[in-house]
Amino acid sequence: MKAASRTSVRSPRSKNTSSTSVPAQPELPGWIREPKHLLINGKWVEAASGESFATVDPASGSTLCHVAAGAKEDIDQAVAAARNAFESGPWRSMTASERGRLIWRLADLLEEHADEFATLESLDNGKPRAVARVADVPLAVDLFRYMAGWATKIHGSTFPISVPYAPGAQFFSYTQREPIGVVGQIIPWNFPLLMAAWKLGPALATGCTVVLKPAEQTPLSALRLGELIQQAGFPDGVVNIVTGFGETAGAALAGHPGIDKVAFTGSTEVGKLIVRAASHDLKKVSLELGGKSPNIVLADADLETAIPGAASAIFFNHGQCCCAGSRLYVHKKHFDQVVEGVASAARKIKVGPGLSPDTEMGPLVSEEQLNRVMGLLKSGQSEGAKPVAGGSRHGKAGYFVQPTVLVNTQPGMRVMEEEIFGPVVCAVPFTDEEEVIRSANGNIYGLAAAVWTSNLSKAHRIASALRAGTVWVNCYNIFDAALPFGGYKQSGWGREMGAEALELYTETKAVCVRL
């Protein structure tokens with residue numbers, strides 16, 4: 001989700017928001033043919049400029065529909081609506097139980113429309129519809145339900161205090177946790193619906209109001225979710241959705257003086273820009289950024305689980321996953337067997353359009369991302385890396401890349417150091433465990449890692465030594481709404497999901513009363 005892989009890409013703009021080139025397919029929801037507007041203060045409105053941009057089917061490069069191109073003026077209006085809803089609207093006086101019921105209702109509605117959202121994710125992002133139906137949508141539903149339960153469980157503490165300079169005085173002291181206020185949330189294109197849920201769930205549970213900016217490459221599921229938010233009964237202005245480009249809408253949101261906190265998932269490069277924008281008024285910031293995750297197969301690993309696990313670690317979601325296991329370290333004893341096993345799995349993956357029922361891997365999200373991945377593949381091979389599977393573009397139409405396994409990779413190569421954000425893994429042999437731990441930690445990122453071993457003591461020791469926000473043992477890509485997710489080093493600040501996510505959206509107030 002990182003580096004240039006999530007910077008903005010401009011699609012052709014148009015002021016004719018009714019023009020589309022959607023192919024006649026029974027799977028397409030009729031909703032997609034309608035012009036897409038901004039959700040501001042409970043109303044669907046055109047961008048102030050009247051401009052729109054195309055959202056594209058990455059399997060064909062054809063236009064799905066046109067979406068309003070929001071910018072600074074639209075952000076100003078959305079922030080004002082969110083501020084009013086937070087300061088004086090019914091959201092502020094609503095009980096925690098009522099907020100929880102609304103979030104649960106949203107989860108129910110999303111579940112009712114699961115098939116539709118799976119189709120939207122496949123069309124807009126390229127991922128297989130079948131995968132979105134069993135992973136993206138259910139995980140989003142579960143996240144909203146989990147956070148709905150937290151709405152009534154956010155509390156402070158009471159405790160005795162001792163004040164040396166007030167002998168004999170008695171005090172009643174307590175803390176309370178309050179919503180941080182108006183939150184600007186910027187989400188990526190690799191899991192559009194799920195990332196919206198990760199952001200909205202805790203913000204709404206704590207009582208914040210939101211201005212959400214989806215990625216310009218994948219705005220459709222967020223806009224449809226906005227309709228469900230209205231249907232669920234959320235008050236006007238609590239959730240505002242502004243589509244647009246990063247350098248216009250995104251920049252205006254990150255630097256807006258009316259925003260109390262910015263939550264961003266995306267590239268480390270853009271994350272640094274957001275920190276600079278937020279520094280002008282010291283607004284709170286949380287960041288879920290890049291990754292170059294090490295996946296370590298030890299000499300005592302069960303290869304029957306490690307080999308398919310290593311393949312899934314990199315090829316899930318076309319490798320467009322912030323925690324993808326893109327650096328595969330294998331003990332020399334098993335290196336050839338594991339590499340051939342992962343390469344064999346790569347060769348068997350059915351690559352095709354996401355709506356095809358037999359597709360196992362869809363296209364990359366955009367032409368820009370295709371060019372980035374192909375450029376890194378070319379760079380790696382020019383420096384001596386050798387593909388034992390893949391290594392090239394798949395087909396001529398759409399943004400498809402062959403699932404790729406590289407060997408002969410060395411530290412310092414771009415393919416070893418940079419986040420590729422595509423279906424490309426670098427396999428490296430090792431013999432010494434301490435050496436492989438140093439190699440695993442020797443990167444600017446620290447989002448996730450994995451270790452495969454049959455030795456429980458060794459598993460715990462290595463998990464403790466790895467500098468990563470998540471360490472999987474004998475598994476990979478296991479997520480749950482209760483399990484916090486985030487990174488060390490340049491992989492970000494703060495944690496998504498779990499109770500820790502609530503800390504990103506609350507302030508702690510200490511109250512001291514003299515008795």
# chains A, B, ... in the order shown; residues from 1 in each chain; ligands from 1

call {"tool": "residues_around", "arguments": {"residues": "segment 463-478 of chain A", "least_positions_apart": "4", "cutoff": "9 Å", "atoms": "only C-alpha atoms", "output": "PDB file with C-alpha atoms, in the first residue's frame"}}
result
ATOM      1  CA  SER A 293       7.671  -8.146   5.149  1.00  0.00           C
ATOM      2  CA  ASN A 295       8.761 -14.564   5.695  1.00  0.00           C
ATOM      3  CA  ALA A 301       9.430 -26.175   9.243  1.00  0.00           C
ATOM      4  CA  ASP A 302       6.555 -28.362   8.041  1.00  0.00           C
ATOM      5  CA  THR A 305       2.085 -25.956   5.205  1.00  0.00           C
ATOM      6  CA  ALA A 306       5.022 -23.586   4.715  1.00  0.00           C
ATOM      7  CA  GLY A 309       1.633 -20.483   3.092  1.00  0.00           C
ATOM      8  CA  ALA A 310       4.566 -18.690   1.478  1.00  0.00           C
ATOM      9  CA  SER A 312      -0.392 -17.171  -0.281  1.00  0.00           C
ATOM     10  CA  ALA A 313       1.688 -14.652   1.660  1.00  0.00           C
ATOM     11  CA  PHE A 316      -2.952 -12.880  -2.003  1.00  0.00           C
ATOM     12  CA  CYS A 323       1.963  -6.883   4.710  1.00  0.00           C
ATOM     13  CA  ALA A 324       2.736  -9.158   1.729  1.00  0.00           C
ATOM     14  CA  GLY A 325       5.506 -11.654   2.447  1.00  0.00           C
ATOM     15  CA  ILE A 437      16.883 -12.164  11.950  1.00  0.00           C
ATOM     16  CA  ARG A 438      19.336  -9.327  11.242  1.00  0.00           C
ATOM     17  CA  ALA A 440      14.734  -9.548   8.291  1.00  0.00           C
ATOM     18  CA  ASN A 441      15.057  -6.465  10.501  1.00  0.00           C
ATOM     19  CA  TYR A 445       9.742  -1.063   7.210  1.00  0.00           C
ATOM     20  CA  GLY A 446       8.370  -3.120  10.074  1.00  0.00           C
ATOM     21  CA  LEU A 447       4.747  -3.918   9.357  1.00  0.00           C
ATOM     22  CA  ALA A 448       4.585  -7.716   9.451  1.00  0.00           C
ATOM     23  CA  ALA A 449       6.694 -10.872   9.454  1.00  0.00           C
ATOM     24  CA  ALA A 450       6.265 -14.637   9.692  1.00  0.00           C
ATOM     25  CA  VAL A 451       8.214 -17.646  10.867  1.00  0.00           C
ATOM     26  CA  TRP A 452       7.599 -21.296  10.000  1.00  0.00           C
ATOM     27  CA  THR A 453       8.924 -23.814  12.506  1.00  0.00           C
ATOM     28  CA  SER A 454       7.899 -26.895  14.491  1.00  0.00           C
ATOM     29  CA  LYS A 458      12.155 -21.064  18.759  1.00  0.00           C
ATOM     30  CA  ALA A 459       8.942 -19.593  17.374  1.00  0.00           C
ATOM     31  CA  PRO A 484      -4.476  -4.753  16.448  1.00  0.00           C
ATOM     32  CA  PHE A 485      -2.649  -4.095  13.182  1.00  0.00           C
ATOM     33  CA  GLY A 486       0.081  -1.554  12.489  1.00  0.00           C
ATOM     34  CA  GLY A 487       3.794  -1.162  12.067  1.00  0.00           C
ATOM     35  CA  TYR A 488       7.183  -0.358  13.508  1.00  0.00           C
ATOM     36  CA  LYS A 489       9.671   2.076  11.967  1.00  0.00           C
ATOM     37  CA  SER A 491       5.477   1.397   8.529  1.00  0.00           C
ATOM     38  CA  ARG A 495      -2.793   0.584  15.377  1.00  0.00           C
TER      39      ARG A 495
END

call {"tool": "residues_around", "arguments": {"residues": "segment 31-39 of chain A", "least_positions_apart": "4", "cutoff": "6 Å", "atoms": "only C-alpha atoms", "output": "number ranges by chain"}}
result
A: 17-18, 43-46, 67-68, 240-242

call {"tool": "atom_distance", "arguments": {"atom1": "atom CA of Ser122 of chain A", "atom2": "atom CA of Asp136 of chain A"}}
result
10.5 Å

call {"tool": "select_by_dssp", "arguments": {"residues": "segment 91-160 of chain A", "states": "helix (DSSP H, G or I)", "output": "ChimeraX atom specification"}}
result
/A:91-93,96-112,114-125,129-150

call {"tool": "closest_residue", "arguments": {"among": "A:Ser157, A:Thr248, A:Thr243, A:Thr404", "to": "Gly226 of chain A", "atoms": "only C-alpha atoms"}}
result
A:Thr243

call {"tool": "residues_around", "arguments": {"residues": "Phe335 of chain A", "least_positions_apart": "5", "cutoff": "10 Å", "atoms": "only C-alpha atoms", "output": "list in words"}}
result
Val297, Leu298, Ala299, Leu328, Tyr329, Val330, Glu340, Gly341, Ala427, Val428, Pro429 and Phe430 of chain A

call {"tool": "select_by_dssp", "arguments": {"residues": "segment 368-489 of chain A", "states": "strand (DSSP E)", "output": "list in words"}}
result
Lys386, Pro387, Val388, Ala389, Thr404, Val405, Leu406, Val407, Val424, Val425, Cys426, Ala427, Val428, Pro429, Phe430, Tyr445, Gly446, Ala448, Ala449, Ala450, Val451, Trp452, Thr470, Val471, Trp472, Val473, Tyr488 and Lys489 of chain A

call {"tool": "write_last_selection", "arguments": {"atoms": "C-alpha atoms", "output": "CSV table (one decimal), in the first residue's frame"}}
result
chain,number,residue,atom,x,y,z
A,386,LYS,CA,16.6,-14.5,-12.0
A,387,PRO,CA,12.8,-15.3,-12.3
A,388,VAL,CA,12.1,-19.0,-11.8
A,389,ALA,CA,8.4,-18.2,-12.4
A,404,THR,CA,6.7,-14.0,-10.1
A,405,VAL,CA,9.4,-15.7,-8.0
A,406,LEU,CA,12.9,-14.2,-8.1
A,407,VAL,CA,16.2,-15.8,-6.9
A,424,VAL,CA,6.7,-10.6,-6.8
A,425,VAL,CA,8.6,-12.4,-4.1
A,426,CYS,CA,12.4,-12.5,-3.6
A,427,ALA,CA,13.7,-15.8,-2.3
A,428,VAL,CA,16.9,-15.8,-0.3
A,429,PRO,CA,18.7,-18.8,1.3
A,430,PHE,CA,20.2,-18.7,4.8
A,445,TYR,CA,9.7,-1.1,7.2
A,446,GLY,CA,8.4,-3.1,10.1
A,448,ALA,CA,4.6,-7.7,9.5
A,449,ALA,CA,6.7,-10.9,9.5
A,450,ALA,CA,6.3,-14.6,9.7
A,451,VAL,CA,8.2,-17.6,10.9
A,452,TRP,CA,7.6,-21.3,10.0
A,470,THR,CA,2.5,-8.4,13.5
A,471,VAL,CA,4.3,-11.7,13.5
A,472,TRP,CA,2.5,-14.8,12.2
A,473,VAL,CA,3.8,-18.2,13.2
A,488,TYR,CA,7.2,-0.4,13.5
A,489,LYS,CA,9.7,2.1,12.0

call {"tool": "closest_residue", "arguments": {"among": "A:Thr209, A:Thr158, A:Thr359, A:Gln369", "to": "Ser88 of chain A", "atoms": "only C-alpha atoms"}}
result
A:Thr209

call {"tool": "atom_distance", "arguments": {"atom1": "atom CA of His331 of chain A", "atom2": "atom CA of Asp432 of chain A"}}
result
8.2 Å

call {"tool": "closest_atom_pairs", "arguments": {"of": "segment 205-251 of chain A", "to": "segment 53-64 of chain A", "cutoff": "8 Å", "atoms": "only C-alpha atoms", "output": "CSV"}}
result
residue,atom,partner,partner_atom,distance
A:Glu216,CA,A:Thr55,CA,7.5
A:Gln217,CA,A:Thr55,CA,6.1
A:Thr218,CA,A:Thr55,CA,6.9
A:Pro219,CA,A:Thr55,CA,7.6

call {"tool": "write_last_selection", "arguments": {"atoms": "N, CA and C atoms", "output": "short mmCIF file (atom, residue, chain, number, x, y, z; two decimals), in the first residue's frame"}}
result
data_model
loop_
_atom_site.label_atom_id
_atom_site.label_comp_id
_atom_site.auth_asym_id
_atom_site.auth_seq_id
_atom_site.Cartn_x
_atom_site.Cartn_y
_atom_site.Cartn_z
N GLU A 216 -8.74 7.67 -5.38
CA GLU A 216 -9.37 8.03 -6.65
C GLU A 216 -9.49 6.85 -7.60
N GLN A 217 -8.65 5.82 -7.41
CA GLN A 217 -8.72 4.65 -8.28
C GLN A 217 -9.91 3.76 -7.95
N THR A 218 -10.40 3.81 -6.70
CA THR A 218 -11.44 2.87 -6.26
C THR A 218 -12.49 3.55 -5.38
N PRO A 219 -13.27 4.48 -5.92
CA PRO A 219 -14.21 5.22 -5.07
C PRO A 219 -15.58 4.57 -4.89
#

call {"tool": "closest_residue", "arguments": {"among": "A:Tyr399, A:Tyr505, A:Phe421, A:Trp91", "to": "Asp236 of chain A", "atoms": "only C-alpha atoms"}}
result
A:Trp91
